[in-house]
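Novice: Contents of final-v1.txt (compact mmCIF, C-alpha atoms and all ligand atoms) are below:
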```
# COMPACT_ATOMS: atom_id res chain seq x y z
CA MET L 1 36.59 -20.73 -5.31
CA SER L 2 35.01 -20.37 -1.86
CA ARG L 3 32.03 -18.07 -1.45
CA THR L 4 34.05 -15.53 0.52
CA THR L 5 36.44 -15.06 -2.37
CA LEU L 6 33.64 -14.35 -4.87
CA PRO L 7 33.64 -10.80 -6.19
CA ILE L 8 30.88 -8.63 -4.69
CA PHE L 9 28.79 -8.47 -7.87
CA MET L 10 28.72 -12.28 -8.00
CA ILE L 11 27.61 -12.53 -4.37
CA THR L 12 24.83 -10.06 -5.12
CA ALA L 13 23.79 -12.22 -8.04
CA LEU L 14 23.26 -15.13 -5.65
CA LEU L 15 20.96 -13.19 -3.35
CA VAL L 16 17.17 -13.23 -3.62
CA GLY L 17 14.21 -11.37 -2.13
CA GLU L 18 14.76 -8.99 0.79
CA ASP L 19 18.52 -9.76 0.86
CA PHE L 20 18.89 -8.84 -2.77
CA ALA L 21 17.01 -5.55 -2.25
CA GLU L 22 19.14 -4.78 0.80
CA ALA L 23 22.38 -5.42 -1.07
CA GLN L 24 21.21 -3.19 -3.91
CA GLN L 25 20.55 -0.33 -1.47
CA LYS L 26 24.29 0.01 -1.01
CA THR L 27 25.19 0.22 -4.68
CA ALA L 28 22.17 1.94 -6.27
CA ASN L 29 22.37 5.32 -7.96
CA TYR L 30 21.49 8.23 -5.65
CA ASP L 31 22.78 10.95 -7.93
CA GLU L 32 20.15 13.12 -9.66
CA SER L 33 22.60 14.03 -12.41
CA LYS L 34 22.88 10.36 -13.41
CA ILE L 35 19.17 9.95 -14.10
CA PRO L 36 18.79 9.44 -17.84
CA ARG L 37 16.45 11.86 -19.61
CA TYR L 38 12.91 10.58 -19.70
CA THR L 39 9.48 11.62 -20.92
CA LEU L 40 6.42 10.83 -18.85
CA PRO L 41 3.44 9.31 -20.64
CA GLU L 42 0.74 11.95 -20.98
CA LEU L 43 -1.88 11.88 -18.28
CA LEU L 44 -4.65 13.50 -20.28
CA LYS L 45 -4.13 11.78 -23.61
CA THR L 46 -5.85 8.47 -24.27
CA GLN L 47 -4.20 5.48 -25.93
CA VAL L 48 -5.68 6.56 -29.24
CA GLY L 49 -4.40 10.10 -28.81
CA LYS L 50 -7.60 11.82 -27.73
CA THR L 51 -7.16 14.74 -25.33
CA ILE L 52 -9.21 14.57 -22.16
CA SER L 53 -10.52 17.98 -21.19
CA THR L 54 -13.54 17.40 -18.94
CA ALA L 55 -14.18 15.66 -15.63
CA GLU L 56 -16.75 13.53 -17.38
CA ALA L 57 -14.31 12.31 -20.03
CA TRP L 58 -11.81 11.57 -17.27
CA ALA L 59 -14.34 9.52 -15.30
CA ASN L 60 -15.86 7.70 -18.27
CA THR L 61 -12.88 7.24 -20.57
CA ARG L 62 -9.45 7.95 -19.15
CA ARG L 63 -9.89 6.59 -15.62
CA PRO L 64 -11.13 3.15 -16.83
CA GLU L 65 -8.39 3.09 -19.44
CA LEU L 66 -5.68 3.85 -16.89
CA LEU L 67 -7.08 1.31 -14.44
CA ALA L 68 -6.90 -1.32 -17.17
CA LEU L 69 -3.32 -0.29 -18.01
CA PHE L 70 -2.27 -0.65 -14.36
CA GLU L 71 -3.94 -4.06 -14.26
CA GLN L 72 -2.25 -5.18 -17.42
CA HIS L 73 1.23 -3.81 -16.81
CA VAL L 74 1.75 -3.36 -13.07
CA PHE L 75 -0.50 -5.00 -10.50
CA GLY L 76 -2.62 -7.47 -12.45
CA LYS L 77 -6.39 -7.72 -12.58
CA THR L 78 -8.34 -8.14 -9.37
CA PRO L 79 -10.87 -10.96 -9.87
CA THR L 80 -14.51 -9.96 -9.89
CA ALA L 81 -16.92 -10.67 -7.04
CA ALA L 82 -18.28 -13.65 -8.96
CA THR L 83 -14.91 -15.35 -8.39
CA TRP L 84 -14.88 -15.06 -4.61
CA GLY L 85 -18.64 -15.17 -4.05
CA LYS L 86 -20.24 -14.41 -0.71
CA VAL L 87 -18.24 -12.60 1.99
CA ASP L 88 -18.99 -13.45 5.63
CA PHE L 89 -18.37 -11.12 8.58
CA LYS L 90 -18.32 -12.51 12.09
CA VAL L 91 -17.76 -10.14 14.98
CA THR L 92 -15.83 -12.41 17.32
CA GLN L 93 -15.21 -10.00 20.20
CA VAL L 94 -16.32 -6.57 21.38
CA LYS L 95 -14.46 -4.90 24.23
CA ASN L 96 -16.12 -1.67 25.34
CA ASP L 97 -13.34 -0.45 27.61
CA ALA L 98 -10.32 -0.76 25.36
CA LEU L 99 -7.44 1.75 25.62
CA ASN L 100 -8.36 2.63 29.21
CA GLY L 101 -12.00 3.11 28.36
CA LYS L 102 -11.33 5.52 25.51
CA ALA L 103 -12.30 3.09 22.76
CA THR L 104 -14.34 0.09 21.79
CA ARG L 105 -12.28 -2.67 20.22
CA LYS L 106 -13.84 -5.20 17.90
CA PHE L 107 -12.40 -8.24 16.19
CA ILE L 108 -14.05 -9.31 12.95
CA HIS L 109 -13.33 -12.53 11.12
CA ILE L 110 -13.84 -12.10 7.37
CA SER L 111 -14.15 -15.30 5.35
CA LEU L 112 -15.34 -16.64 2.03
CA PRO L 113 -17.87 -19.43 2.66
CA GLU L 114 -17.54 -20.67 -0.92
CA HIS L 115 -13.74 -20.95 -0.47
CA PRO L 116 -13.27 -22.54 2.96
CA THR L 117 -9.62 -23.45 2.32
CA TRP L 118 -8.79 -19.76 2.78
CA GLN L 119 -8.39 -19.19 6.51
CA GLY L 120 -9.88 -15.73 6.30
CA MET L 121 -8.66 -12.46 7.76
CA GLU L 122 -8.78 -11.07 11.29
CA VAL L 123 -9.72 -7.41 11.41
CA MET L 124 -9.03 -5.31 14.49
CA LEU L 125 -11.19 -2.20 14.76
CA TYR L 126 -10.86 0.56 17.37
CA ILE L 127 -13.70 3.08 17.60
CA PRO L 128 -13.59 6.14 19.89
CA ASN L 129 -16.08 5.96 22.78
CA GLY L 130 -18.56 8.74 23.47
CA LEU L 131 -19.03 10.04 19.95
CA SER L 132 -22.45 11.36 18.99
CA GLN L 133 -22.08 10.15 15.42
CA PRO L 134 -20.44 7.31 13.48
CA ALA L 135 -16.66 7.73 13.28
CA PRO L 136 -14.58 8.31 10.16
CA CYS L 137 -12.17 5.41 9.85
CA PHE L 138 -8.59 4.77 8.73
CA VAL L 139 -8.15 1.39 7.05
CA GLY L 140 -4.70 -0.10 6.62
CA PRO L 141 -2.75 -3.35 6.59
CA SER L 142 0.03 -4.17 9.06
CA PHE L 143 3.37 -5.90 8.63
CA GLY L 144 3.25 -7.73 11.94
CA GLY L 145 -0.36 -8.53 12.82
CA ASN L 146 -2.91 -7.04 15.20
CA HIS L 147 -0.84 -8.01 18.26
CA ALA L 148 2.04 -5.97 16.79
CA VAL L 149 -0.13 -2.89 16.17
CA SER L 150 -1.78 -2.77 19.59
CA THR L 151 -0.14 -2.39 23.00
CA GLU L 152 -3.03 -4.28 24.58
CA LYS L 153 -1.82 -7.65 25.84
CA ASP L 154 -5.13 -9.44 25.29
CA VAL L 155 -4.97 -9.13 21.49
CA PRO L 156 -4.61 -12.68 20.13
CA LEU L 157 -1.21 -13.45 18.60
CA SER L 158 -1.40 -14.10 14.88
CA THR L 159 -0.67 -17.74 14.11
CA ARG L 160 0.18 -17.09 10.45
CA TRP L 161 3.52 -17.09 8.64
CA MET L 162 5.70 -14.07 9.48
CA ARG L 163 8.86 -12.71 7.90
CA ALA L 164 11.98 -13.76 9.81
CA SER L 165 12.95 -11.07 12.34
CA LYS L 166 14.83 -11.62 15.59
CA GLU L 167 14.08 -8.08 16.76
CA LYS L 168 10.38 -8.67 16.22
CA GLY L 169 10.42 -11.91 18.19
CA VAL L 170 9.57 -14.06 15.18
CA VAL L 171 10.66 -17.68 15.75
CA ASP L 172 10.33 -20.33 13.03
CA SER L 173 8.26 -17.91 10.93
CA ARG L 174 5.70 -17.45 13.72
CA ALA L 175 4.97 -14.59 16.15
CA THR L 176 5.74 -15.08 19.85
CA GLU L 177 4.91 -13.11 23.01
CA ASP L 178 8.01 -11.03 22.22
CA SER L 179 6.36 -9.88 19.00
CA ARG L 180 3.73 -7.82 20.80
CA ALA L 181 3.52 -4.10 20.05
CA ASN L 182 6.51 -4.15 17.69
CA GLU L 183 4.59 -1.96 15.24
CA ALA L 184 2.78 0.19 17.83
CA SER L 185 4.86 3.30 17.13
CA ARG L 186 3.52 3.24 13.56
CA TRP L 187 -0.07 3.05 14.79
CA PRO L 188 -0.54 5.72 17.49
CA LEU L 189 -3.99 4.43 18.43
CA GLU L 190 -4.58 6.78 21.39
CA MET L 191 -3.74 9.80 19.24
CA ILE L 192 -6.07 8.69 16.44
CA ILE L 193 -8.90 7.89 18.84
CA ALA L 194 -8.46 11.24 20.62
CA GLN L 195 -9.11 12.92 17.25
CA GLY L 196 -12.45 11.11 16.96
CA CYS L 197 -11.30 8.67 14.29
CA ALA L 198 -11.60 4.90 14.16
CA VAL L 199 -8.91 2.53 12.85
CA ALA L 200 -9.39 -0.84 11.15
CA THR L 201 -6.39 -3.01 10.39
CA TYR L 202 -5.48 -6.54 9.36
CA TYR L 203 -2.30 -8.55 8.95
CA TYR L 204 -1.28 -8.64 5.28
CA GLY L 205 -0.07 -12.25 5.70
CA ASP L 206 -3.68 -13.29 6.33
CA ILE L 207 -4.11 -12.91 2.58
CA GLU L 208 -0.78 -14.21 1.42
CA PRO L 209 2.66 -14.81 2.96
CA ASP L 210 5.11 -12.23 1.59
CA HIS L 211 7.64 -14.30 -0.32
CA THR L 212 7.94 -15.57 -3.87
CA ASP L 213 6.07 -18.82 -3.20
CA GLY L 214 3.67 -17.28 -0.68
CA TRP L 215 0.79 -17.19 -3.14
CA LYS L 216 0.63 -20.99 -3.08
CA GLU L 217 -0.61 -20.80 0.52
CA GLY L 218 -2.73 -17.74 0.04
CA LEU L 219 -5.87 -16.33 -1.45
CA ARG L 220 -4.50 -16.14 -4.99
CA ALA L 221 -4.14 -19.92 -5.17
CA VAL L 222 -7.50 -20.44 -3.44
CA LEU L 223 -9.29 -18.31 -6.02
CA SER L 224 -7.44 -19.73 -9.00
CA LYS L 225 -9.08 -22.66 -10.72
CA ASP L 226 -5.68 -24.37 -10.98
CA GLY L 227 -4.93 -23.77 -7.28
CA ALA L 228 -1.26 -23.79 -6.28
CA ALA L 229 -0.37 -25.52 -9.55
CA ALA L 230 -1.35 -22.40 -11.48
CA GLU L 231 1.31 -20.73 -13.51
CA TRP L 232 1.01 -16.99 -13.16
CA LYS L 233 0.36 -15.36 -16.45
CA ASP L 234 0.69 -11.80 -17.68
CA GLY L 235 -2.10 -9.64 -16.34
CA GLN L 236 -2.98 -11.85 -13.37
CA TRP L 237 -2.93 -10.20 -9.96
CA GLY L 238 0.15 -10.11 -7.78
CA ALA L 239 0.42 -10.01 -4.00
CA ILE L 240 -0.12 -6.22 -3.83
CA GLY L 241 -3.41 -6.73 -5.65
CA ALA L 242 -4.42 -9.44 -3.19
CA TRP L 243 -3.47 -7.36 -0.14
CA ALA L 244 -5.42 -4.41 -1.60
CA TRP L 245 -8.40 -6.72 -2.05
CA GLY L 246 -8.31 -7.27 1.73
CA LEU L 247 -8.67 -3.52 2.31
CA SER L 248 -11.79 -3.42 0.16
CA ARG L 249 -13.29 -6.33 2.10
CA ILE L 250 -12.76 -4.32 5.30
CA ALA L 251 -14.66 -1.46 3.61
CA ASP L 252 -17.45 -3.99 2.87
CA TYR L 253 -17.60 -4.87 6.57
CA LEU L 254 -17.50 -1.24 7.69
CA GLU L 255 -20.58 -0.57 5.57
CA THR L 256 -22.40 -2.93 7.93
CA ASP L 257 -21.09 -1.40 11.19
CA ALA L 258 -23.26 1.45 12.50
CA ASP L 259 -20.43 2.76 14.72
CA VAL L 260 -18.41 3.73 11.66
CA ASN L 261 -19.21 6.18 8.89
CA ALA L 262 -18.35 4.08 5.83
CA LYS L 263 -18.72 7.17 3.66
CA HIS L 264 -15.69 8.62 5.46
CA LEU L 265 -12.89 6.11 4.92
CA ALA L 266 -9.16 6.82 4.55
CA VAL L 267 -6.93 4.04 3.24
CA ILE L 268 -3.36 4.11 4.52
CA GLY L 269 -0.20 2.04 4.12
CA HIS L 270 3.55 2.22 4.57
CA SER L 271 6.21 1.13 2.11
CA ARG L 272 5.13 -2.05 0.24
CA LEU L 273 1.83 -1.57 2.03
CA GLY L 274 1.81 2.04 0.80
CA LYS L 275 1.94 0.66 -2.74
CA THR L 276 -0.96 -1.53 -1.61
CA SER L 277 -2.92 1.41 -0.24
CA LEU L 278 -2.44 3.36 -3.49
CA TRP L 279 -3.70 0.44 -5.55
CA ALA L 280 -6.65 -0.12 -3.19
CA GLY L 281 -7.48 3.60 -3.39
CA ALA L 282 -7.15 3.61 -7.17
CA GLN L 283 -9.66 0.80 -7.59
CA ASP L 284 -12.10 1.37 -4.75
CA GLN L 285 -13.70 4.80 -4.72
CA ARG L 286 -15.21 4.25 -1.28
CA PHE L 287 -11.83 5.42 0.06
CA GLY L 288 -12.38 9.18 0.13
CA VAL L 289 -8.81 9.76 1.31
CA VAL L 290 -5.79 7.82 0.09
CA ILE L 291 -2.49 7.93 1.99
CA SER L 292 0.88 6.77 0.73
CA ASN L 293 3.57 6.66 3.43
CA ASN L 294 7.05 6.19 1.93
CA SER L 295 5.64 3.90 -0.78
CA GLY L 296 8.58 4.44 -3.16
CA GLU L 297 9.19 2.34 -6.26
CA GLY L 298 6.07 0.62 -7.53
CA GLY L 299 4.08 3.12 -5.41
CA ALA L 300 4.27 6.89 -5.57
CA ALA L 301 7.77 7.19 -7.05
CA ILE L 302 8.16 7.92 -10.78
CA MET L 303 9.51 4.66 -12.23
CA ARG L 304 11.41 6.34 -15.08
CA ARG L 305 13.69 8.27 -12.70
CA ASN L 306 16.04 5.35 -12.03
CA ILE L 307 17.28 6.59 -8.70
CA GLY L 308 17.28 4.54 -5.50
CA GLU L 309 15.19 1.40 -6.10
CA THR L 310 14.48 0.76 -9.79
CA THR L 311 12.03 -1.38 -11.73
CA ALA L 312 14.89 -3.79 -12.43
CA ILE L 313 15.66 -4.19 -8.72
CA ILE L 314 12.11 -4.39 -7.40
CA THR L 315 10.94 -6.92 -9.98
CA LYS L 316 13.95 -9.12 -9.27
CA ALA L 317 13.66 -8.88 -5.48
CA PHE L 318 9.87 -9.04 -5.24
CA PRO L 319 8.43 -10.40 -8.50
CA HIS L 320 5.42 -11.75 -6.61
CA TRP L 321 4.19 -8.24 -5.71
CA PHE L 322 3.30 -7.44 -9.31
CA THR L 323 1.79 -8.99 -12.37
CA LYS L 324 4.29 -10.88 -14.48
CA THR L 325 4.36 -8.25 -17.25
CA TYR L 326 5.86 -5.63 -14.92
CA THR L 327 9.15 -7.56 -14.90
CA SER L 328 9.50 -6.94 -18.64
CA TYR L 329 10.08 -3.23 -17.86
CA SER L 330 13.24 -4.04 -15.97
CA ASN L 331 15.85 -1.70 -17.54
CA ASN L 332 13.17 -0.81 -20.05
CA ASP L 333 10.93 1.67 -18.19
CA ALA L 334 10.37 3.82 -21.26
CA ALA L 335 8.38 1.00 -22.88
CA CYS L 336 5.82 0.98 -20.07
CA PRO L 337 2.65 2.85 -21.12
CA ILE L 338 2.12 4.19 -17.61
CA ASP L 339 4.14 5.90 -14.93
CA HIS L 340 3.20 6.35 -11.33
CA HIS L 341 1.80 9.90 -11.51
CA MET L 342 -1.10 8.08 -13.16
CA LEU L 343 -1.54 5.87 -10.10
CA ILE L 344 -1.89 9.03 -8.01
CA ALA L 345 -4.32 10.52 -10.55
CA LEU L 346 -6.53 7.42 -10.25
CA ALA L 347 -7.55 8.77 -6.85
CA ALA L 348 -8.98 11.94 -8.46
CA PRO L 349 -11.04 13.80 -7.40
CA ARG L 350 -10.63 12.22 -3.97
CA ALA L 351 -8.00 13.57 -1.59
CA ILE L 352 -4.56 11.99 -1.64
CA TYR L 353 -1.55 12.48 0.66
CA ILE L 354 1.96 11.46 -0.34
CA ALA L 355 4.59 11.39 2.39
CA SER L 356 8.34 10.94 2.10
CA ALA L 357 11.19 10.85 4.60
CA VAL L 358 14.37 12.72 3.82
CA GLU L 359 16.72 9.84 4.64
CA ASP L 360 14.60 7.38 2.66
CA THR L 361 16.55 7.93 -0.55
CA TRP L 362 15.84 4.31 -1.58
CA ALA L 363 12.18 5.33 -2.04
CA ASP L 364 13.12 8.48 -4.03
CA PRO L 365 11.41 11.30 -2.08
CA LYS L 366 11.67 13.67 -5.06
CA GLY L 367 10.09 11.11 -7.38
CA GLU L 368 7.27 10.66 -4.84
CA PHE L 369 6.76 14.45 -4.85
CA LEU L 370 6.79 14.61 -8.64
CA SER L 371 4.10 11.97 -9.11
CA GLY L 372 1.69 14.14 -7.11
CA LEU L 373 2.71 17.19 -9.10
CA HIS L 374 2.13 15.46 -12.44
CA ALA L 375 -1.20 14.03 -11.26
CA GLU L 376 -2.55 17.53 -10.82
CA PRO L 377 -4.10 17.99 -14.31
CA ALA L 378 -6.64 15.27 -13.45
CA TYR L 379 -7.63 17.16 -10.31
CA THR L 380 -7.88 20.45 -12.20
CA LEU L 381 -10.61 18.89 -14.36
CA PHE L 382 -12.70 18.59 -11.19
CA GLY L 383 -11.87 22.11 -9.97
CA LYS L 384 -9.62 20.63 -7.25
CA LYS L 385 -6.22 21.97 -6.27
CA GLY L 386 -2.94 20.12 -5.87
CA TYR L 387 0.28 21.18 -4.17
CA GLY L 388 0.18 24.86 -5.10
CA ILE L 389 3.95 24.76 -5.68
CA SER L 390 6.12 23.02 -8.25
CA GLU L 391 9.38 22.47 -6.32
CA GLN L 392 9.73 19.93 -3.51
CA PRO L 393 9.05 21.83 -0.25
CA ALA L 394 11.48 22.19 2.67
CA ILE L 395 11.71 19.38 5.21
CA ASP L 396 8.77 19.17 7.64
CA SER L 397 6.74 21.72 5.66
CA PRO L 398 3.53 20.02 4.41
CA VAL L 399 1.96 21.49 1.27
CA GLY L 400 -1.13 21.00 -0.82
CA ASP L 401 -4.88 20.80 -0.89
CA SER L 402 -6.56 17.76 -2.52
CA ILE L 403 -3.09 16.43 -3.34
CA ALA L 404 -0.82 16.98 -0.37
CA TYR L 405 2.81 16.17 0.35
CA HIS L 406 5.47 16.35 2.99
CA VAL L 407 9.02 15.18 3.37
CA ARG L 408 9.78 14.75 7.02
CA THR L 409 13.00 14.55 8.97
CA GLY L 410 14.28 11.02 9.48
CA LYS L 411 14.11 7.52 8.09
CA HIS L 412 11.82 5.12 6.27
CA ASP L 413 9.07 4.74 8.89
CA VAL L 414 5.66 5.98 10.02
CA THR L 415 5.91 8.48 12.86
CA SER L 416 3.50 10.55 14.92
CA TYR L 417 4.53 13.54 12.79
CA ASP L 418 3.16 11.69 9.76
CA TRP L 419 -0.04 10.83 11.62
CA GLU L 420 -0.56 14.44 12.77
CA GLN L 421 -0.66 15.46 9.11
CA TYR L 422 -2.91 12.53 8.07
CA LEU L 423 -5.40 13.27 10.84
CA LYS L 424 -5.65 16.95 9.87
CA PHE L 425 -5.91 15.99 6.20
CA ALA L 426 -8.55 13.30 6.71
CA LYS L 427 -10.69 15.54 8.92
CA LYS L 428 -10.53 18.31 6.33
CA HIS L 429 -11.45 16.11 3.37
CA LEU L 430 -13.82 13.51 4.85
CA LYS L 431 -16.82 15.79 5.17
C1 LIG L 501 12.17 -2.80 0.53
C2 LIG L 501 11.66 -2.65 -0.87
C3 LIG L 501 10.83 -1.41 -0.95
C4 LIG L 501 9.85 -1.25 0.20
C5 LIG L 501 10.35 -1.84 1.51
C6 LIG L 501 9.29 -2.18 2.57
O1 LIG L 501 13.06 -3.83 0.69
O2 LIG L 501 12.74 -2.59 -1.73
O3 LIG L 501 10.18 -1.36 -2.20
O4 LIG L 501 8.62 -1.73 -0.12
O5 LIG L 501 11.05 -3.01 1.33
O6 LIG L 501 8.18 -2.57 2.27
O7 LIG L 501 9.63 -2.09 3.75
```
Do you think you could lay out the structure here as structure tokens?

Specialist:
Amino acid sequence: MSRTTLPIFMITALLVGEDFAEAQQKTANYDESKIPRYTLPELLKTQVGKTISTAEAWANTRRPELLALFEQHVFGKTPTAATWGKVDFKVTQVKNDALNGKATRKFIHISLPEHPTWQGMEVMLYIPNGLSQPAPCFVGPSFGGNHAVSTEKDVPLSTRWMRASKEKGVVDSRATEDSRANEASRWPLEMIIAQGCAVATYYYGDIEPDHTDGWKEGLRAVLSKDGAAAEWKDGQWGAIGAWAWGLSRIADYLETDADVNAKHLAVIGHSRLGKTSLWAGAQDQRFGVVISNNSGEGGAAIMRRNIGETTAIITKAFPHWFTKTYTSYSNNDAACPIDHHMLIALAAPRAIYIASAVEDTWADPKGEFLSGLHAEPAYTLFGKKGYGISEQPAIDSPVGDSIAYHVRTGKHDVTSYDWEQYLKFAKKHLK
């Protein structure tokens, strides 16, 4: 039988990675009435059945317990500082008249001197000029590298592995001159700078190429005592954990940069990098604001809803994003001791913004809304307010206080509408 005569379900079975996920987008369930009944694990009840009723008990008992559950079942455990050792920051360039004189642009090379086989990460930082005080700063990873985020032609092209994309000018898994600014619409630098905020970003592939075998060439293999020969075991960190680690190392650097107020950091990410930003924000409390843009399954969406992307699909398409154990919840979500409202609650009492797009049904906008709603009891313990409503709001009508949400018009993307909300939100909460 030739491949073209194979039935569709058999062709799908042959696909892997991004292609598999894309094929599933066409056949997934998008019908609310077909979601099986589910019960969410209780946010304020510990594993031994103790009810959490104070902020103190949340901080000392439930938060550490939930963090450990997310390590064990979803993202894997981030190694401790003793594993990676010293972190070196080298400011490799400072340009005082970036963005037509409106900003100072710095490049910072972050490396691990005790692990020289890791090539390190290249951070690009824009700081508004003319401020009388250190700037609050957004910290987020990019899909395409610094040259893709910025419209400035003198930003060095990343030389690392890139996902195949003709439209993004990627040739033989490498960026080319045609790759410049392909992500600029998602990073409206002038708008952010004009609001008095700084932005620090790095290419997620600096940590690990985003494919099933990528870890062998990335930080996870470098830090493992068995190197690329290691077999990944239950509970060990996946790629999302490693990318999130990169965000915390940027926070480390920012603590040394007098132009930035490292007490006013907002972590942000889109899609798989939104899952990354949530996990970075859950672990690292230096991020006073956490932003999830269309993070979907494995991010803000409730995993038990089985609508759009499911645990079964994501762990088959992208097993490397998670710890191995997560795959065992494929078609078995009810057995997982957590759901993703708990990931949102791990930001408490810090401010968190969840954003959906109405056409992004793959990411389950309603499930993203619900995780924020069901995270609210953790915020209440601290006297903080959540959405203030219990039904998903109308399109383009942001709601909420310390937990905020919007579903905007349009597709899976980051737009200036999203950024307008994030800027207002960050300025309100980073005080
Ligand atoms: C999709 C994946 C989603 C989302 C997205 C992205 O293929 O199924 O979970 O992360 O990729 O990162 O763009």

Novice: Go through the chains and note each residue within 8 Å of ligand LIG 501 (chain L), using all atoms listed in the file, then give the set as a ChimeraX atom specification.

Specialist: /L:18,21-22,270-275,295-298,309,313-314,317-318,362-363,412

Novice: Could you check the closest approach to L:Asp396 for each of L:Thr80, L:Thr380, L:Gln421, L:Thr409 and tell me which residue wins, using only C-alpha atoms?

Specialist: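 Among the listed residues, the smallest separation from L:Asp396 belongs to L:Thr409.
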
Novice: Would you list the contacts of L:Glu391 as a PyMOL selection string, taking every protein, DNA or RNA residue within 9 Å and counting only C-alpha atoms, but skipping same-chain residues closer than 6 positions in sequence?

Specialist: chain L and resi 369-370+373

Novice: Store the residues picked out above, limited to C-alpha atoms, as a PDB file, in the frame of the given file.

Specialist:
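Listing of again-v1.pdb after writing:
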```
ATOM      1  CA  PHE L 369       6.760  14.450  -4.850  1.00  0.00           C
ATOM      2  CA  LEU L 370       6.790  14.610  -8.640  1.00  0.00           C
ATOM      3  CA  LEU L 373       2.710  17.190  -9.100  1.00  0.00           C
TER       4      LEU L 373
END
```

Novice: Quick one: of L:Glu177, L:Glu231, L:Asp206, L:Asp172, who's nearest to L:Gly145, counting only C-alpha atoms?

Specialist: L:Asp206

Novice: Can you work out which one of L:Leu40, L:Ala198, L:Val74, L:Met303 has the shortest atom-to-atom distance to L:His320, counting only C-alpha atoms?

Specialist: L:Val74
